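Here's query_2.txt, which has compact mmCIF, N, CA and C atoms:
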```txt
# COMPACT_ATOMS: atom_id res chain seq x y z
N MET A 1 29.43 39.00 -39.87
CA MET A 1 30.49 38.13 -40.28
C MET A 1 31.67 38.98 -40.75
N SER A 2 32.88 38.69 -40.22
CA SER A 2 34.04 39.46 -40.62
C SER A 2 34.72 38.81 -41.82
N SER A 3 35.32 39.63 -42.63
CA SER A 3 36.01 39.10 -43.80
C SER A 3 37.51 39.23 -43.57
N PHE A 4 38.25 38.38 -44.19
CA PHE A 4 39.71 38.38 -44.11
C PHE A 4 40.25 39.59 -44.86
N ASN A 5 41.05 40.40 -44.17
CA ASN A 5 41.62 41.59 -44.79
C ASN A 5 43.14 41.44 -44.78
N PRO A 6 43.74 41.08 -45.92
CA PRO A 6 45.19 40.86 -45.95
C PRO A 6 45.98 42.13 -45.62
N ASN A 7 45.45 43.29 -45.95
CA ASN A 7 46.15 44.54 -45.62
C ASN A 7 46.24 44.74 -44.11
N MET A 8 45.16 44.39 -43.40
CA MET A 8 45.16 44.53 -41.95
C MET A 8 46.14 43.54 -41.31
N VAL A 9 46.18 42.34 -41.83
CA VAL A 9 47.12 41.33 -41.32
C VAL A 9 48.56 41.82 -41.53
N MET A 10 48.85 42.34 -42.69
CA MET A 10 50.19 42.86 -42.99
C MET A 10 50.53 44.03 -42.07
N PHE A 11 49.57 44.91 -41.84
CA PHE A 11 49.78 46.05 -40.95
C PHE A 11 50.11 45.59 -39.54
N ILE A 12 49.36 44.65 -39.02
CA ILE A 12 49.59 44.14 -37.66
C ILE A 12 50.95 43.44 -37.58
N ALA A 13 51.29 42.67 -38.60
CA ALA A 13 52.58 41.98 -38.62
C ALA A 13 53.72 42.99 -38.59
N MET A 14 53.61 44.06 -39.36
CA MET A 14 54.64 45.09 -39.38
C MET A 14 54.76 45.78 -38.02
N LEU A 15 53.65 46.04 -37.37
CA LEU A 15 53.69 46.64 -36.04
C LEU A 15 54.41 45.74 -35.04
N VAL A 16 54.13 44.45 -35.10
CA VAL A 16 54.78 43.50 -34.20
C VAL A 16 56.28 43.48 -34.45
N ILE A 17 56.68 43.42 -35.72
CA ILE A 17 58.10 43.39 -36.06
C ILE A 17 58.78 44.67 -35.59
N MET A 18 58.16 45.82 -35.83
CA MET A 18 58.76 47.09 -35.42
C MET A 18 58.89 47.16 -33.91
N THR A 19 57.92 46.65 -33.19
CA THR A 19 57.98 46.67 -31.73
C THR A 19 59.10 45.77 -31.22
N LEU A 20 59.26 44.61 -31.84
CA LEU A 20 60.28 43.67 -31.39
C LEU A 20 61.70 44.16 -31.68
N TYR A 21 61.88 44.81 -32.82
CA TYR A 21 63.23 45.15 -33.24
C TYR A 21 63.62 46.62 -33.07
N SER A 22 62.68 47.46 -32.75
CA SER A 22 63.04 48.86 -32.59
C SER A 22 63.46 49.11 -31.16
N SER A 23 64.35 50.04 -30.99
CA SER A 23 64.76 50.40 -29.64
C SER A 23 64.76 51.92 -29.54
N GLU A 24 64.55 52.38 -28.38
CA GLU A 24 64.56 53.81 -28.15
C GLU A 24 65.99 54.32 -28.20
N ALA A 25 66.18 55.43 -28.85
CA ALA A 25 67.50 56.07 -28.87
C ALA A 25 67.80 56.57 -27.46
N VAL A 26 69.06 56.49 -27.10
CA VAL A 26 69.50 56.90 -25.77
C VAL A 26 70.43 58.10 -25.93
N GLN A 27 70.27 59.08 -25.05
CA GLN A 27 71.22 60.18 -25.00
C GLN A 27 72.13 59.95 -23.80
N TYR A 28 73.42 59.84 -24.06
CA TYR A 28 74.40 59.61 -23.01
C TYR A 28 75.07 60.93 -22.66
N LYS A 29 75.02 61.30 -21.41
CA LYS A 29 75.74 62.48 -20.94
C LYS A 29 77.17 62.04 -20.64
N VAL A 30 78.09 62.46 -21.48
CA VAL A 30 79.48 62.02 -21.38
C VAL A 30 80.05 62.42 -20.01
N GLY A 31 80.56 61.42 -19.30
CA GLY A 31 81.12 61.65 -17.97
C GLY A 31 80.09 61.74 -16.86
N ASP A 32 78.82 61.58 -17.23
CA ASP A 32 77.72 61.71 -16.26
C ASP A 32 77.85 63.03 -15.50
N ASP A 33 77.82 63.02 -14.19
CA ASP A 33 77.88 64.26 -13.40
C ASP A 33 79.23 64.97 -13.49
N LYS A 34 80.28 64.25 -13.89
CA LYS A 34 81.62 64.86 -13.99
C LYS A 34 81.83 65.57 -15.32
N LYS A 35 80.92 65.34 -16.27
CA LYS A 35 80.91 66.02 -17.56
C LYS A 35 82.20 65.75 -18.35
N TRP A 36 82.53 66.65 -19.26
CA TRP A 36 83.73 66.58 -20.10
C TRP A 36 84.79 67.44 -19.45
N ASN A 37 85.54 66.85 -18.55
CA ASN A 37 86.55 67.56 -17.75
C ASN A 37 87.74 66.65 -17.51
N LEU A 38 88.85 67.25 -17.13
CA LEU A 38 90.00 66.46 -16.70
C LEU A 38 89.62 65.70 -15.43
N GLN A 39 90.06 64.45 -15.36
CA GLN A 39 89.75 63.61 -14.21
C GLN A 39 91.04 63.11 -13.56
N SER A 40 90.97 62.86 -12.27
CA SER A 40 92.16 62.34 -11.58
C SER A 40 92.45 60.89 -11.98
N ASN A 41 91.43 60.13 -12.35
CA ASN A 41 91.61 58.77 -12.81
C ASN A 41 91.87 58.79 -14.32
N PRO A 42 93.06 58.38 -14.77
CA PRO A 42 93.37 58.46 -16.20
C PRO A 42 92.50 57.55 -17.07
N ASP A 43 91.86 56.55 -16.49
CA ASP A 43 91.00 55.65 -17.24
C ASP A 43 89.52 56.01 -17.13
N PHE A 44 89.22 57.19 -16.62
CA PHE A 44 87.84 57.55 -16.34
C PHE A 44 86.93 57.38 -17.56
N TYR A 45 87.29 57.96 -18.71
CA TYR A 45 86.41 57.91 -19.88
C TYR A 45 86.39 56.53 -20.53
N VAL A 46 87.48 55.79 -20.42
CA VAL A 46 87.49 54.41 -20.92
C VAL A 46 86.50 53.59 -20.10
N LYS A 47 86.56 53.72 -18.79
CA LYS A 47 85.64 52.99 -17.93
C LYS A 47 84.20 53.47 -18.11
N TRP A 48 84.03 54.78 -18.27
CA TRP A 48 82.68 55.33 -18.47
C TRP A 48 82.03 54.68 -19.70
N ALA A 49 82.77 54.57 -20.78
CA ALA A 49 82.21 54.02 -22.02
C ALA A 49 82.10 52.50 -21.99
N SER A 50 82.91 51.85 -21.19
CA SER A 50 83.00 50.38 -21.24
C SER A 50 81.73 49.66 -20.79
N ASN A 51 80.91 50.29 -19.97
CA ASN A 51 79.70 49.60 -19.51
C ASN A 51 78.44 50.05 -20.25
N LYS A 52 78.64 50.62 -21.43
CA LYS A 52 77.51 51.09 -22.23
C LYS A 52 77.54 50.45 -23.60
N THR A 53 76.38 50.26 -24.17
CA THR A 53 76.26 49.77 -25.54
C THR A 53 75.70 50.91 -26.38
N PHE A 54 76.54 51.48 -27.21
CA PHE A 54 76.13 52.59 -28.06
C PHE A 54 75.58 52.02 -29.36
N ARG A 55 74.43 52.56 -29.78
CA ARG A 55 73.76 52.07 -30.98
C ARG A 55 73.48 53.22 -31.94
N VAL A 56 73.33 52.87 -33.22
CA VAL A 56 72.94 53.86 -34.22
C VAL A 56 71.65 54.52 -33.74
N GLY A 57 71.63 55.85 -33.78
CA GLY A 57 70.47 56.62 -33.32
C GLY A 57 70.67 57.25 -31.96
N ASP A 58 71.63 56.73 -31.17
CA ASP A 58 71.92 57.33 -29.87
C ASP A 58 72.66 58.65 -30.07
N THR A 59 72.75 59.42 -28.99
CA THR A 59 73.50 60.67 -29.02
C THR A 59 74.44 60.74 -27.83
N LEU A 60 75.51 61.50 -28.01
CA LEU A 60 76.43 61.83 -26.92
C LEU A 60 76.26 63.31 -26.61
N TYR A 61 76.10 63.60 -25.33
CA TYR A 61 75.90 64.98 -24.88
C TYR A 61 77.15 65.39 -24.12
N PHE A 62 77.95 66.28 -24.72
CA PHE A 62 79.18 66.77 -24.10
C PHE A 62 78.90 68.12 -23.46
N GLU A 63 79.23 68.25 -22.18
CA GLU A 63 79.03 69.51 -21.48
C GLU A 63 80.33 69.88 -20.77
N PHE A 64 80.74 71.14 -20.93
CA PHE A 64 81.96 71.63 -20.30
C PHE A 64 81.86 73.14 -20.14
N VAL A 65 82.77 73.71 -19.37
CA VAL A 65 82.83 75.15 -19.21
C VAL A 65 83.51 75.73 -20.45
N ASN A 66 82.80 76.61 -21.16
CA ASN A 66 83.37 77.23 -22.36
C ASN A 66 84.68 77.93 -22.02
N GLY A 67 85.69 77.70 -22.86
CA GLY A 67 87.00 78.29 -22.65
C GLY A 67 87.92 77.38 -21.85
N SER A 68 87.36 76.43 -21.11
CA SER A 68 88.19 75.50 -20.33
C SER A 68 88.52 74.24 -21.11
N HIS A 69 87.64 73.86 -22.03
CA HIS A 69 87.81 72.66 -22.84
C HIS A 69 87.20 72.91 -24.20
N ASP A 70 87.43 71.97 -25.10
CA ASP A 70 86.77 71.96 -26.40
C ASP A 70 86.53 70.51 -26.77
N LEU A 71 86.03 70.29 -27.96
CA LEU A 71 85.75 68.93 -28.42
C LEU A 71 86.11 68.85 -29.89
N ALA A 72 87.01 67.92 -30.22
CA ALA A 72 87.40 67.70 -31.61
C ALA A 72 87.00 66.30 -32.03
N PHE A 73 86.44 66.20 -33.23
CA PHE A 73 86.11 64.92 -33.85
C PHE A 73 87.37 64.50 -34.61
N VAL A 74 87.95 63.37 -34.27
CA VAL A 74 89.25 63.00 -34.83
C VAL A 74 89.25 61.57 -35.35
N THR A 75 90.33 61.24 -36.06
CA THR A 75 90.54 59.88 -36.54
C THR A 75 91.19 59.06 -35.43
N ALA A 76 91.29 57.76 -35.66
CA ALA A 76 91.94 56.88 -34.67
C ALA A 76 93.39 57.29 -34.45
N GLY A 77 94.10 57.61 -35.53
CA GLY A 77 95.50 58.03 -35.40
C GLY A 77 95.65 59.32 -34.62
N GLU A 78 94.79 60.28 -34.91
CA GLU A 78 94.83 61.55 -34.17
C GLU A 78 94.51 61.32 -32.70
N TYR A 79 93.57 60.44 -32.44
CA TYR A 79 93.20 60.09 -31.06
C TYR A 79 94.42 59.51 -30.34
N ASP A 80 95.10 58.57 -30.98
CA ASP A 80 96.26 57.92 -30.35
C ASP A 80 97.40 58.91 -30.12
N ARG A 81 97.62 59.81 -31.07
CA ARG A 81 98.73 60.78 -30.98
C ARG A 81 98.36 62.05 -30.22
N CYS A 82 97.07 62.24 -29.95
CA CYS A 82 96.59 63.50 -29.36
C CYS A 82 96.98 64.69 -30.23
N GLU A 83 96.79 64.52 -31.51
CA GLU A 83 97.07 65.58 -32.48
C GLU A 83 95.86 65.70 -33.39
N ILE A 84 95.68 66.90 -33.94
CA ILE A 84 94.55 67.12 -34.83
C ILE A 84 95.05 67.72 -36.14
N ASN A 85 94.58 67.15 -37.25
CA ASN A 85 94.97 67.63 -38.58
C ASN A 85 94.01 68.68 -39.12
N ASP A 86 92.74 68.61 -38.72
CA ASP A 86 91.71 69.50 -39.27
C ASP A 86 91.10 70.35 -38.16
N PRO A 87 91.61 71.57 -37.94
CA PRO A 87 91.08 72.41 -36.87
C PRO A 87 89.60 72.76 -37.04
N SER A 88 89.04 72.58 -38.24
CA SER A 88 87.62 72.90 -38.42
C SER A 88 86.72 71.89 -37.71
N SER A 89 87.29 70.79 -37.24
CA SER A 89 86.49 69.78 -36.55
C SER A 89 86.36 70.06 -35.05
N VAL A 90 86.89 71.21 -34.59
CA VAL A 90 86.87 71.54 -33.17
C VAL A 90 85.63 72.37 -32.84
N GLU A 91 84.90 71.92 -31.82
CA GLU A 91 83.74 72.65 -31.31
C GLU A 91 84.14 73.28 -29.97
N VAL A 92 83.78 74.55 -29.77
CA VAL A 92 84.22 75.25 -28.56
C VAL A 92 83.07 75.71 -27.67
N ILE A 93 81.84 75.62 -28.15
CA ILE A 93 80.69 76.09 -27.38
C ILE A 93 79.90 74.89 -26.83
N SER A 94 79.80 74.83 -25.52
CA SER A 94 79.06 73.76 -24.85
C SER A 94 77.61 74.18 -24.66
N PRO A 95 76.69 73.23 -24.66
CA PRO A 95 76.86 71.78 -24.84
C PRO A 95 76.91 71.42 -26.32
N ILE A 96 77.44 70.23 -26.56
CA ILE A 96 77.54 69.70 -27.92
C ILE A 96 76.84 68.34 -27.94
N ILE A 97 75.95 68.17 -28.88
CA ILE A 97 75.27 66.89 -29.04
C ILE A 97 75.79 66.25 -30.32
N VAL A 98 76.29 65.03 -30.18
CA VAL A 98 76.82 64.27 -31.31
C VAL A 98 75.85 63.14 -31.62
N TYR A 99 75.40 63.09 -32.85
CA TYR A 99 74.48 62.05 -33.29
C TYR A 99 75.29 60.87 -33.82
N LEU A 100 75.07 59.73 -33.25
CA LEU A 100 75.76 58.51 -33.66
C LEU A 100 74.93 57.84 -34.75
N ASN A 101 75.19 58.22 -35.99
CA ASN A 101 74.30 57.82 -37.07
C ASN A 101 74.80 56.69 -37.95
N GLU A 102 75.95 56.11 -37.61
CA GLU A 102 76.39 54.94 -38.35
C GLU A 102 77.25 54.05 -37.46
N PRO A 103 77.25 52.75 -37.73
CA PRO A 103 78.03 51.83 -36.91
C PRO A 103 79.52 51.94 -37.24
N LYS A 104 80.29 52.43 -36.29
CA LYS A 104 81.73 52.60 -36.47
C LYS A 104 82.30 53.09 -35.14
N TYR A 105 83.61 53.26 -35.09
CA TYR A 105 84.25 53.91 -33.95
C TYR A 105 84.17 55.42 -34.14
N TYR A 106 83.87 56.12 -33.06
CA TYR A 106 83.90 57.58 -33.02
C TYR A 106 84.99 57.97 -32.02
N TYR A 107 85.79 58.97 -32.39
CA TYR A 107 86.91 59.40 -31.55
C TYR A 107 86.81 60.90 -31.27
N PHE A 108 87.04 61.27 -30.02
CA PHE A 108 86.95 62.67 -29.59
C PHE A 108 88.12 62.99 -28.67
N ILE A 109 88.63 64.22 -28.80
CA ILE A 109 89.67 64.68 -27.89
C ILE A 109 89.42 66.14 -27.53
N CYS A 110 90.03 66.57 -26.45
CA CYS A 110 90.13 67.99 -26.12
C CYS A 110 91.48 68.45 -26.65
N THR A 111 91.50 69.56 -27.40
CA THR A 111 92.74 70.02 -28.03
C THR A 111 93.48 71.07 -27.21
N LEU A 112 92.92 71.51 -26.11
CA LEU A 112 93.56 72.56 -25.33
C LEU A 112 94.73 72.02 -24.51
N GLU A 113 95.81 72.76 -24.54
CA GLU A 113 97.02 72.46 -23.76
C GLU A 113 97.36 70.98 -23.84
N ASP A 114 97.57 70.33 -22.70
CA ASP A 114 97.92 68.91 -22.67
C ASP A 114 96.74 68.04 -22.25
N HIS A 115 95.52 68.54 -22.43
CA HIS A 115 94.34 67.84 -21.93
C HIS A 115 94.19 66.44 -22.52
N CYS A 116 94.43 66.29 -23.81
CA CYS A 116 94.31 64.96 -24.43
C CYS A 116 95.35 64.01 -23.84
N LYS A 117 96.57 64.47 -23.71
CA LYS A 117 97.62 63.63 -23.14
C LYS A 117 97.32 63.28 -21.68
N ARG A 118 96.47 64.08 -21.04
CA ARG A 118 96.01 63.78 -19.67
C ARG A 118 94.69 63.01 -19.71
N ASN A 119 94.40 62.42 -20.87
CA ASN A 119 93.28 61.49 -21.09
C ASN A 119 91.90 62.13 -21.14
N LEU A 120 91.83 63.39 -21.56
CA LEU A 120 90.52 63.97 -21.85
C LEU A 120 90.24 63.64 -23.32
N LYS A 121 89.89 62.36 -23.50
CA LYS A 121 89.59 61.83 -24.82
C LYS A 121 88.65 60.65 -24.64
N LEU A 122 87.89 60.38 -25.71
CA LEU A 122 86.87 59.34 -25.65
C LEU A 122 86.79 58.64 -26.99
N ALA A 123 86.73 57.31 -26.92
CA ALA A 123 86.49 56.48 -28.10
C ALA A 123 85.27 55.62 -27.81
N VAL A 124 84.31 55.60 -28.73
CA VAL A 124 83.14 54.75 -28.56
C VAL A 124 82.89 53.96 -29.84
N LEU A 125 82.48 52.72 -29.65
CA LEU A 125 82.10 51.87 -30.77
C LEU A 125 80.58 51.86 -30.84
N VAL A 126 80.07 52.27 -31.99
CA VAL A 126 78.62 52.30 -32.20
C VAL A 126 78.23 51.06 -32.99
N GLN A 127 77.27 50.33 -32.45
CA GLN A 127 76.80 49.10 -33.08
C GLN A 127 75.57 49.38 -33.93
N ASP A 128 75.39 48.53 -34.91
CA ASP A 128 74.21 48.62 -35.77
C ASP A 128 72.97 48.39 -34.92
N ASP A 129 71.88 49.02 -35.30
CA ASP A 129 70.64 48.88 -34.54
C ASP A 129 69.95 47.55 -34.79
N GLY A 130 70.45 46.75 -35.71
CA GLY A 130 69.89 45.43 -35.95
C GLY A 130 68.73 45.40 -36.92
N ILE A 131 68.34 46.52 -37.46
CA ILE A 131 67.21 46.58 -38.38
C ILE A 131 67.76 46.70 -39.78
N SER A 132 67.39 45.78 -40.66
CA SER A 132 67.84 45.84 -42.05
C SER A 132 66.90 46.69 -42.86
N ASN A 133 67.45 47.36 -43.85
CA ASN A 133 66.64 48.17 -44.75
C ASN A 133 66.13 47.31 -45.89
```

If you took the structure in this file and wrote it as structure tokens, what would it be?
Amino acid sequence: MSSFNPNMVMFIAMLVIMTLYSSEAVQYKVGDDKKWNLQSNPDFYVKWASNKTFRVGDTLYFEFVNGSHDLAFVTAGEYDRCEINDPSSVEVISPIIVYLNEPKYYYFICTLEDHCKRNLKLAVLVQDDGISN
């Protein structure tokens, strides 16, 4: 005869909830096969990001030829102006993995020459993973 074990019921319930609401983190290779490079289509990175849903826990994988490009983490204003106020936010060694650890907009630009003005920049909106603490 089996006895009712409330701890086991609670454990199973938690497993079911975690399975229903947890999602696997995704690593996105920015630009896919074209990587982080200047593109002939000025909307390339806007379109690349538009068909993806970025969530807390995902990562962005930036790959480029060292010395040809860089990656700066910037504010919305810096992104719009293609200017950077804090040079310490520039990464120059590829590859770079960015962890999307909170729901917000993330902005990135290339600071070399006129690359940002030629649309080597990316803005992504990261959504909450839906799990409450």

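Here the question is which of A:Cys110, A:Cys82, A:Ala76, A:Val65 gets nearest to Ser94 of chain A using all atoms listed in the file, and that residue is A:Val65.
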
Sphere at (89.5, 58.1, -33.2), radius 9 Å, counting only C-alpha atoms: residues as a PDB file with N, CA and C atoms, in the frame of the given file:
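Full text of out_3.pdb as output:
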```pdb
ATOM      1  N   PHE A  73      86.440  66.200 -33.230  1.00  0.00           N
ATOM      2  CA  PHE A  73      86.110  64.920 -33.850  1.00  0.00           C
ATOM      3  C   PHE A  73      87.370  64.500 -34.610  1.00  0.00           C
ATOM      4  N   VAL A  74      87.950  63.370 -34.270  1.00  0.00           N
ATOM      5  CA  VAL A  74      89.250  63.000 -34.830  1.00  0.00           C
ATOM      6  C   VAL A  74      89.250  61.570 -35.350  1.00  0.00           C
ATOM      7  N   THR A  75      90.330  61.240 -36.060  1.00  0.00           N
ATOM      8  CA  THR A  75      90.540  59.880 -36.540  1.00  0.00           C
ATOM      9  C   THR A  75      91.190  59.060 -35.430  1.00  0.00           C
ATOM     10  N   ALA A  76      91.290  57.760 -35.660  1.00  0.00           N
ATOM     11  CA  ALA A  76      91.940  56.880 -34.670  1.00  0.00           C
ATOM     12  C   ALA A  76      93.390  57.290 -34.450  1.00  0.00           C
ATOM     13  N   GLY A  77      94.100  57.610 -35.530  1.00  0.00           N
ATOM     14  CA  GLY A  77      95.500  58.030 -35.400  1.00  0.00           C
ATOM     15  C   GLY A  77      95.650  59.320 -34.620  1.00  0.00           C
ATOM     16  N   GLU A  78      94.790  60.280 -34.910  1.00  0.00           N
ATOM     17  CA  GLU A  78      94.830  61.550 -34.170  1.00  0.00           C
ATOM     18  C   GLU A  78      94.510  61.320 -32.700  1.00  0.00           C
ATOM     19  N   TYR A  79      93.570  60.440 -32.440  1.00  0.00           N
ATOM     20  CA  TYR A  79      93.200  60.090 -31.060  1.00  0.00           C
ATOM     21  C   TYR A  79      94.420  59.510 -30.340  1.00  0.00           C
ATOM     22  N   ASP A  80      95.100  58.570 -30.980  1.00  0.00           N
ATOM     23  CA  ASP A  80      96.260  57.920 -30.350  1.00  0.00           C
ATOM     24  C   ASP A  80      97.400  58.910 -30.120  1.00  0.00           C
ATOM     25  N   TYR A 105      83.610  53.260 -35.090  1.00  0.00           N
ATOM     26  CA  TYR A 105      84.250  53.910 -33.950  1.00  0.00           C
ATOM     27  C   TYR A 105      84.170  55.420 -34.140  1.00  0.00           C
ATOM     28  N   TYR A 106      83.870  56.120 -33.060  1.00  0.00           N
ATOM     29  CA  TYR A 106      83.900  57.580 -33.020  1.00  0.00           C
ATOM     30  C   TYR A 106      84.990  57.970 -32.020  1.00  0.00           C
ATOM     31  N   TYR A 107      85.790  58.970 -32.390  1.00  0.00           N
ATOM     32  CA  TYR A 107      86.910  59.400 -31.550  1.00  0.00           C
ATOM     33  C   TYR A 107      86.810  60.900 -31.270  1.00  0.00           C
ATOM     34  N   PHE A 108      87.040  61.270 -30.020  1.00  0.00           N
ATOM     35  CA  PHE A 108      86.950  62.670 -29.590  1.00  0.00           C
ATOM     36  C   PHE A 108      88.120  62.990 -28.670  1.00  0.00           C
ATOM     37  N   ILE A 109      88.630  64.220 -28.800  1.00  0.00           N
ATOM     38  CA  ILE A 109      89.670  64.680 -27.890  1.00  0.00           C
ATOM     39  C   ILE A 109      89.420  66.140 -27.530  1.00  0.00           C
ATOM     40  N   LEU A 122      87.890  60.380 -25.710  1.00  0.00           N
ATOM     41  CA  LEU A 122      86.870  59.340 -25.650  1.00  0.00           C
ATOM     42  C   LEU A 122      86.790  58.640 -26.990  1.00  0.00           C
ATOM     43  N   ALA A 123      86.730  57.310 -26.920  1.00  0.00           N
ATOM     44  CA  ALA A 123      86.490  56.480 -28.100  1.00  0.00           C
ATOM     45  C   ALA A 123      85.270  55.620 -27.810  1.00  0.00           C
ATOM     46  N   VAL A 124      84.310  55.600 -28.730  1.00  0.00           N
ATOM     47  CA  VAL A 124      83.140  54.750 -28.560  1.00  0.00           C
ATOM     48  C   VAL A 124      82.890  53.960 -29.840  1.00  0.00           C
TER      49      VAL A 124
END
```

Next on the checklist: Show me, as a ChimeraX atom specification, the residues that have an atom within 8 Å of Tyr45 of chain A when counting all atoms listed in the file, minus same-chain residues fewer than 2 positions from it.
Outcome noted: /A:30-31,39,41-43,47-50,119-123

Checklist entry - Which is closest to Phe64 of chain A among A:Glu102, A:Glu24, A:Asp33, A:Glu113, if we use only C-alpha atoms? => result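 The shortest atom-to-atom distance to Phe64 of chain A comes from A:Asp33.
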
Item to check | Residue among A:Thr59, A:Ser89, A:Lys35, A:Val126 lying closest to Ala72 of chain A, counting only C-alpha atoms | outcome: A:Ser89

Checklist entry - Suppose you want the space between atom N of Asn66 of chain A and atom CA of Asn37 of chain A; what is it in Å? => result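 Computing the Euclidean distance for atom N of Asn66 of chain A and atom CA of Asn37 of chain A yields 10.4 Å.
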
Next on the checklist: Give me, as a PyMOL selection string, all polymer residues having an atom no more than 10 Å from Lys29 of chain A, counting only C-alpha atoms and skipping those fewer than 2 positions away in the same chain.
Outcome noted: chain A and resi 26-27+31-36+59-63+97

Checklist entry - What gap, in Å, lies between atom CA of Gly57 of chain A and atom CA of Ile93 of chain A? => result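 Rounded to one decimal, the two atoms are 22.8 Å apart.
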
Would you compute, for all listed atoms of segment 67-76 of chain A, the axis-aligned bounding box grown by 6 Å on each side, and then report its centre and edge lengths in Å rounded to one decimal, as lines of an AutoDock Vina configuration file?
```
center_x = 89.5
center_y = 67.6
center_z = -28.4
size_x = 19.7
size_y = 33.4
size_z = 28.2
```

Checklist entry - Expressed in Å to a single decimal, how great is the separation between atom C of Arg118 of chain A and atom C of Ser68 of chain A? => result 12.9 Å

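In this comparison, which uses only C-alpha atoms, the residue of A:Val92, A:Leu38, A:Lys117, A:Val98 approaching Gly67 of chain A most closely is A:Val92.
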
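Of the listed residues A:Asp70, A:Lys52, A:Tyr28, A:Asp128, the one whose atoms come nearest to Leu112 of chain A is A:Asp70, with distances taken using only C-alpha atoms.
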
Checklist outcome for this item: Of A:Ser40, A:Asp114, A:Asn85, A:Pro103, the one sitting nearest Phe54 of chain A when using all atoms listed in the file is A:Pro103
